Amino acid sequence: MTLLAALDFASVAVFALTGALVASRSQLDIVGFIFVACLTAVGGGTIRDVLLNRDAVFWVADPTILLAAVAAAVVVFFGAHRLESRYRAIVWLDAFALAIAVPAGVGVAMGMGQHWAIMMVMGVATGCFGGLLRDVVCNEVPLVLKQGEVYATAAFAGAGAAVAVVWFGYPADAALLACAGVTFVLRAGSIAFGWVLPVYKTRPPRPQSPKQS
Amino acid sequence: MTLLAALDFASVAVFALTGALVASRSQLDIVGFIFVACLTAVGGGTIRDVLLNRDAVFWVADPTILLAAVAAAVVVFFGAHRLESRYRAIVWLDAFALAIAVPAGVGVAMGMGQHWAIMMVMGVATGCFGGLLRDVVCNEVPLVLKQGEVYATAAFAGAGAAVAVVWFGYPADAALLACAGVTFVLRAGSIAFGWVLPVYKTRPPRPQSPKQS
Amino acid sequence: MTLLAALDFASVAVFALTGALVASRSQLDIVGFIFVACLTAVGGGTIRDVLLNRDAVFWVADPTILLAAVAAAVVVFFGAHRLESRYRAIVWLDAFALAIAVPAGVGVAMGMGQHWAIMMVMGVATGCFGGLLRDVVCNEVPLVLKQGEVYATAAFAGAGAAVAVVWFGYPADAALLACAGVTFVLRAGSIAFGWVLPVYKTRPPRPQSPKQS
């Protein structure tokens, strides 16, 4: 199993856990858990493969990868009661999955000899779209667009780190490790310590009259 | 016309009716009806064809299929006033369309010699994604994720039935018929008699004090 | 640069502005602006290219096009404070982008020798899906489905104009110009003068008794 295949497999398993946990907030049945888990697990990588027009989407080429998503859904369906805080579990598992999926996206584009900008887009897309699909379908506010979260930014920085490492002549595996590390540190720092980038602020309304100001 | 092409055609027509009926709840104009009808009608099959990397999406290969969706939108625009209950019409037509689209998805994957797990995924995806797109775009709660509905489960069971029938050596057409039958019976039983699978229940909050318990 | 490449480039830049402006309503950081801007900018053309199974999605073939989207996001992040009315800016820029993207979609299908119905679908899809993705992801009511807006209708009429012009034997560039003109005039008329098509009206509830009527 290559490093890239291992990354795809691991991100599928961890994203599937987050999908099933979000499904548990909607009180679905076991098949609903499997549906949301699979959508979350393979969503980002599928969009990457379709955009890059690969010969086959990764889980069509190797369907056993879907078993990991199904297993994750079953584990959550019978085991999530034991969790003290489901929301905390979702956010942290999602951070791990992001840090695995971004290098999986960068690595596939790198292996195809794509432009560095495409490497970055594929990293961000593979990392962000699984969770985005999960949240849009389950009608939650997408984590990627929540205020005060470093999310797309972490993916972006991680993908940029990979491009930089390759630029300086280091091997691809080093680039993918750097990518995972930068992504995870920034995302975890945002969750644990509230790290943020400055956000766009709307102009305060001009005072209309002395009384109203 | 092969059985598979007939299934695609029929699911397009019936899903288009449901799309136009949902559009009528949003009071759109005739082009809005056509837009939502087409999205619902071809959404599932399009995702199937893109995921399987077929040479051409089914309605690009045969554009006359789109006329069925346009006709359905026009019929609903001028005729839906006569319906006693629009919601009931949407739910039942959607059940018919599901029972046609799942075998259409399974059959295409089967014809390409795909793994049985891919046959099941394509059945569920072809059946569920048209309605899912319709509901996400029109901001309704997706039927596939509604509590107390057997929906993805019916598609899953139908696709499983097809795989089992082929496994026992029966011909493909028998598998597709079994698939349609199982899907429809389970979905209709859910609508008519309230059949459900047990859903995930959150742990009841621990009693805080004897008085509150 | 061909006319078609220029249309893709221009629609990317203008749609990116609308995406970044919608992002500013959600108070995202700079990377969130870039994310929503890119999604809006390339969404429609990407769906077109995937549906038509082109060898490469247009921005994967020419990644420099993404710089236009990034630049638009940066301009809005630092400059949107100066706008008197953000909503008005979004609606008018979106109208320009629509009038550029519809001929971009029609033109690509025309260049591949597709059926006229496919030319129309690709025009409408390229025009409408970028804004639809933007609005679904940012949880706004999609412009394309808002009551009292001529939107899909403008795209539909513009694409129809292109098909008609080609039918009468005029060259492709004339068809694309007609397409842009018709789309923009109808959309602008809807914004400025409130032009609408008649919408579907639900039947008024029957009077239950003389007193309640």
# chains A, B, ... in the order shown; residues from 1 in each chain; ligands from 1
call {"tool": "interface_residues", "arguments": {"of": "chain B", "to": "chain A", "cutoff": "9 Å", "atoms": "only C-alpha atoms", "output": "VMD selection string"}}
result
chain B and resid 50 to 53 114 to 118 124 132 136 141 to 142 144 to 148 150 to 153 156 196 to 203
call {"tool": "residues_around", "arguments": {"residues": "Ile191 in chain C", "least_positions_apart": "2", "cutoff": "9 Å", "atoms": "only C-alpha atoms", "output": "tab-separated table (two decimals) with all heavy atoms, in the first residue's frame"}}
result
chain	number	residue	atom	x	y	z
C	91	VAL	N	-26.18	41.87	-6.65
C	91	VAL	CA	-27.20	41.56	-7.65
C	91	VAL	C	-26.78	42.02	-9.04
C	91	VAL	O	-26.93	41.29	-10.02
C	91	VAL	CB	-28.55	42.17	-7.23
C	91	VAL	CG1	-29.52	42.13	-8.38
C	91	VAL	CG2	-29.11	41.43	-6.04
C	92	TRP	N	-26.18	43.22	-9.13
C	92	TRP	CA	-25.81	43.71	-10.46
C	92	TRP	C	-24.58	43.01	-11.01
C	92	TRP	O	-24.52	42.67	-12.19
C	92	TRP	CB	-25.61	45.23	-10.43
C	92	TRP	CG	-26.92	45.95	-10.57
C	92	TRP	CD1	-27.64	46.53	-9.57
C	92	TRP	CD2	-27.69	46.11	-11.77
C	92	TRP	NE1	-28.81	47.05	-10.06
C	92	TRP	CE2	-28.86	46.83	-11.41
C	92	TRP	CE3	-27.50	45.75	-13.09
C	92	TRP	CZ2	-29.84	47.17	-12.35
C	92	TRP	CZ3	-28.47	46.09	-14.02
C	92	TRP	CH2	-29.63	46.78	-13.65
C	95	ALA	N	-25.61	39.79	-12.30
C	95	ALA	CA	-26.27	39.89	-13.61
C	95	ALA	C	-25.25	39.95	-14.74
C	95	ALA	O	-25.41	39.31	-15.78
C	95	ALA	CB	-27.17	41.14	-13.65
C	149	GLU	N	-38.00	37.04	-9.50
C	149	GLU	CA	-36.75	37.33	-10.19
C	149	GLU	C	-36.75	36.60	-11.53
C	149	GLU	O	-37.07	35.42	-11.58
C	149	GLU	CB	-35.53	36.84	-9.38
C	149	GLU	CG	-35.38	37.45	-8.01
C	149	GLU	CD	-34.66	38.79	-8.05
C	149	GLU	OE1	-34.14	39.17	-9.12
C	149	GLU	OE2	-34.64	39.47	-7.01
C	150	VAL	N	-36.41	37.28	-12.62
C	150	VAL	CA	-36.16	36.61	-13.89
C	150	VAL	C	-34.69	36.23	-13.88
C	150	VAL	O	-33.82	37.10	-14.01
C	150	VAL	CB	-36.48	37.54	-15.08
C	150	VAL	CG1	-35.99	36.92	-16.37
C	150	VAL	CG2	-37.97	37.80	-15.14
C	186	LEU	N	-32.82	40.91	-20.13
C	186	LEU	CA	-33.93	40.35	-19.34
C	186	LEU	C	-33.63	40.40	-17.85
C	186	LEU	O	-34.48	40.77	-17.04
C	186	LEU	CB	-34.21	38.91	-19.77
C	186	LEU	CG	-34.83	38.76	-21.16
C	186	LEU	CD1	-35.04	37.28	-21.46
C	186	LEU	CD2	-36.16	39.50	-21.23
C	187	ARG	N	-32.39	40.05	-17.48
C	187	ARG	CA	-32.04	40.05	-16.07
C	187	ARG	C	-32.04	41.47	-15.51
C	187	ARG	O	-32.55	41.73	-14.41
C	187	ARG	CB	-30.67	39.41	-15.90
C	187	ARG	CG	-30.18	39.35	-14.46
C	187	ARG	CD	-30.87	38.28	-13.68
C	187	ARG	NE	-30.58	38.40	-12.25
C	187	ARG	CZ	-31.48	38.68	-11.32
C	187	ARG	NH1	-32.74	38.83	-11.63
C	187	ARG	NH2	-31.14	38.80	-10.07
C	188	ALA	N	-31.47	42.41	-16.29
C	188	ALA	CA	-31.41	43.80	-15.83
C	188	ALA	C	-32.81	44.38	-15.73
C	188	ALA	O	-33.13	45.13	-14.80
C	188	ALA	CB	-30.55	44.63	-16.79
C	189	GLY	N	-33.66	44.03	-16.70
C	189	GLY	CA	-35.03	44.52	-16.64
C	189	GLY	C	-35.75	44.02	-15.40
C	189	GLY	O	-36.57	44.74	-14.80
C	193	PHE	N	-36.67	47.12	-13.30
C	193	PHE	CA	-38.08	47.47	-13.52
C	193	PHE	C	-39.04	46.42	-12.96
C	193	PHE	O	-40.26	46.53	-13.13
C	193	PHE	CB	-38.35	47.64	-15.02
C	193	PHE	CG	-37.40	48.58	-15.68
C	193	PHE	CD1	-36.59	48.16	-16.72
C	193	PHE	CD2	-37.29	49.92	-15.26
C	193	PHE	CE1	-35.69	49.03	-17.33
C	193	PHE	CE2	-36.40	50.78	-15.86
C	193	PHE	CZ	-35.59	50.34	-16.90
C	194	GLY	N	-38.50	45.37	-12.34
C	194	GLY	CA	-39.38	44.38	-11.75
C	194	GLY	C	-40.08	43.48	-12.76
C	194	GLY	O	-41.13	42.92	-12.46
C	195	TRP	N	-39.48	43.33	-13.97
C	195	TRP	CA	-40.09	42.41	-14.94
C	195	TRP	C	-40.21	41.03	-14.33
C	195	TRP	O	-39.28	40.52	-13.71
C	195	TRP	CB	-39.22	42.29	-16.19
C	195	TRP	CG	-39.14	43.53	-17.00
C	195	TRP	CD1	-39.81	44.70	-16.79
C	195	TRP	CD2	-38.31	43.73	-18.15
C	195	TRP	NE1	-39.46	45.61	-17.74
C	195	TRP	CE2	-38.55	45.05	-18.60
C	195	TRP	CE3	-37.41	42.95	-18.86
C	195	TRP	CZ2	-37.89	45.59	-19.71
C	195	TRP	CZ3	-36.77	43.48	-19.95
C	195	TRP	CH2	-37.02	44.78	-20.38
call {"tool": "select_by_dssp", "arguments": {"residues": "range 25-198 of chain A", "states": "alpha helix (DSSP H)", "output": "number ranges by chain"}}
result
A: 25, 30-51, 58-61, 64-79, 86-111, 116-137, 152-167, 172-193
call {"tool": "write_last_selection", "arguments": {"atoms": "C-alpha atoms", "output": "compact mmCIF listing (two decimals), in the first residue's frame"}}
result
# COMPACT_ATOMS: atom_id res chain seq x y z
CA ARG A 25 -27.65 14.46 15.99
CA ILE A 30 -28.53 2.63 10.74
CA VAL A 31 -28.77 3.05 6.95
CA GLY A 32 -29.01 6.81 7.35
CA PHE A 33 -25.82 6.65 9.42
CA ILE A 34 -24.09 4.67 6.65
CA PHE A 35 -25.37 7.11 4.00
CA VAL A 36 -24.06 10.24 5.74
CA ALA A 37 -20.84 8.50 6.79
CA CYS A 38 -20.07 7.42 3.21
CA LEU A 39 -20.96 10.85 1.79
CA THR A 40 -18.63 12.57 4.24
CA ALA A 41 -15.90 9.96 3.93
CA VAL A 42 -15.50 9.87 0.17
CA GLY A 43 -16.94 13.27 -0.79
CA GLY A 44 -13.70 15.26 -0.88
CA GLY A 45 -11.62 12.61 -2.62
CA THR A 46 -14.38 11.97 -5.14
CA ILE A 47 -14.56 15.63 -6.11
CA ARG A 48 -10.76 15.66 -6.44
CA ASP A 49 -10.81 12.61 -8.73
CA VAL A 50 -13.63 13.97 -10.89
CA LEU A 51 -11.95 17.37 -11.22
CA PHE A 58 -10.49 5.98 -5.85
CA TRP A 59 -13.26 3.99 -4.16
CA VAL A 60 -14.61 2.66 -7.47
CA ALA A 61 -11.11 1.36 -8.19
CA THR A 64 -13.04 -2.34 -0.02
CA ILE A 65 -12.33 1.21 1.13
CA LEU A 66 -16.09 1.63 1.56
CA LEU A 67 -16.08 -1.06 4.25
CA ALA A 68 -14.09 1.28 6.47
CA ALA A 69 -16.85 3.88 6.18
CA VAL A 70 -19.60 1.34 6.86
CA ALA A 71 -17.72 -0.02 9.87
CA ALA A 72 -17.29 3.50 11.26
CA ALA A 73 -21.02 4.15 10.90
CA VAL A 74 -21.88 0.93 12.75
CA VAL A 75 -19.44 1.69 15.56
CA VAL A 76 -20.95 5.13 16.07
CA PHE A 77 -24.54 3.86 15.87
CA PHE A 78 -23.97 1.46 18.75
CA GLY A 79 -21.25 3.31 20.62
CA ARG A 86 -20.55 14.59 20.80
CA TYR A 87 -19.78 18.06 19.45
CA ARG A 88 -16.23 17.98 20.81
CA ALA A 89 -15.71 14.54 19.27
CA ILE A 90 -16.95 15.73 15.90
CA VAL A 91 -14.71 18.79 15.88
CA TRP A 92 -11.54 16.95 16.90
CA LEU A 93 -12.07 13.94 14.62
CA ASP A 94 -12.79 16.36 11.82
CA ALA A 95 -9.47 18.09 12.53
CA PHE A 96 -7.61 14.77 12.25
CA ALA A 97 -9.45 13.89 9.04
CA LEU A 98 -8.66 17.32 7.58
CA ALA A 99 -4.98 16.89 8.36
CA ILE A 100 -4.99 13.53 6.55
CA ALA A 101 -7.16 14.50 3.59
CA VAL A 102 -5.27 17.67 2.60
CA PRO A 103 -2.00 15.81 1.91
CA ALA A 104 -4.02 13.08 0.17
CA GLY A 105 -5.31 15.72 -2.23
CA VAL A 106 -1.96 17.44 -2.70
CA GLY A 107 -0.24 14.11 -3.24
CA VAL A 108 -2.54 12.93 -6.01
CA ALA A 109 -2.15 16.20 -7.92
CA MET A 110 1.63 16.06 -7.37
CA GLY A 111 1.78 12.52 -8.69
CA TRP A 116 1.39 24.05 -7.99
CA ALA A 117 -1.85 26.04 -7.92
CA ILE A 118 -3.79 22.88 -8.80
CA MET A 119 -1.93 21.01 -6.05
CA MET A 120 -3.16 23.61 -3.58
CA VAL A 121 -6.74 23.58 -4.86
CA MET A 122 -6.89 19.79 -4.71
CA GLY A 123 -5.53 19.80 -1.17
CA VAL A 124 -8.12 22.30 0.00
CA ALA A 125 -10.95 20.62 -1.94
CA THR A 126 -10.14 17.10 -0.72
CA GLY A 127 -9.91 18.38 2.82
CA CYS A 128 -12.96 20.61 2.91
CA PHE A 129 -15.65 19.14 0.65
CA GLY A 130 -16.42 15.98 2.61
CA GLY A 131 -17.29 17.96 5.70
CA LEU A 132 -19.03 20.62 3.62
CA LEU A 133 -21.33 18.02 2.00
CA ARG A 134 -22.02 16.50 5.43
CA ASP A 135 -23.02 19.85 6.89
CA VAL A 136 -25.07 21.08 3.90
CA VAL A 137 -27.00 17.81 3.68
CA ALA A 152 -10.02 26.48 5.05
CA THR A 153 -7.06 28.54 6.23
CA ALA A 154 -5.43 25.52 7.85
CA ALA A 155 -5.96 23.47 4.70
CA PHE A 156 -4.62 26.31 2.57
CA ALA A 157 -1.52 26.76 4.73
CA GLY A 158 -0.87 23.02 4.80
CA ALA A 159 -1.12 22.75 1.03
CA GLY A 160 1.16 25.77 0.71
CA ALA A 161 3.69 24.11 3.02
CA ALA A 162 3.74 21.05 0.77
CA VAL A 163 4.32 23.18 -2.31
CA ALA A 164 7.14 25.03 -0.54
CA VAL A 165 8.86 21.85 0.61
CA VAL A 166 8.82 20.45 -2.93
CA TRP A 167 10.04 23.78 -4.27
CA ALA A 172 7.31 14.17 -1.94
CA ASP A 173 6.85 12.20 1.29
CA ALA A 174 8.47 15.00 3.29
CA ALA A 175 6.09 17.45 1.62
CA LEU A 176 3.05 15.40 2.59
CA LEU A 177 4.23 15.10 6.19
CA ALA A 178 4.82 18.84 6.41
CA CYS A 179 1.39 19.39 4.93
CA ALA A 180 -0.32 17.18 7.51
CA GLY A 181 1.62 18.78 10.36
CA VAL A 182 0.93 22.39 9.40
CA THR A 183 -2.75 21.68 8.76
CA PHE A 184 -3.24 19.90 12.06
CA VAL A 185 -1.33 22.41 14.19
CA LEU A 186 -3.27 25.37 12.82
CA ARG A 187 -6.65 23.64 13.07
CA ALA A 188 -5.95 22.30 16.55
CA GLY A 189 -4.70 25.68 17.69
CA SER A 190 -7.96 27.19 16.52
CA ILE A 191 -10.03 24.63 18.43
CA ALA A 192 -7.95 24.57 21.60
CA PHE A 193 -6.72 28.14 21.88
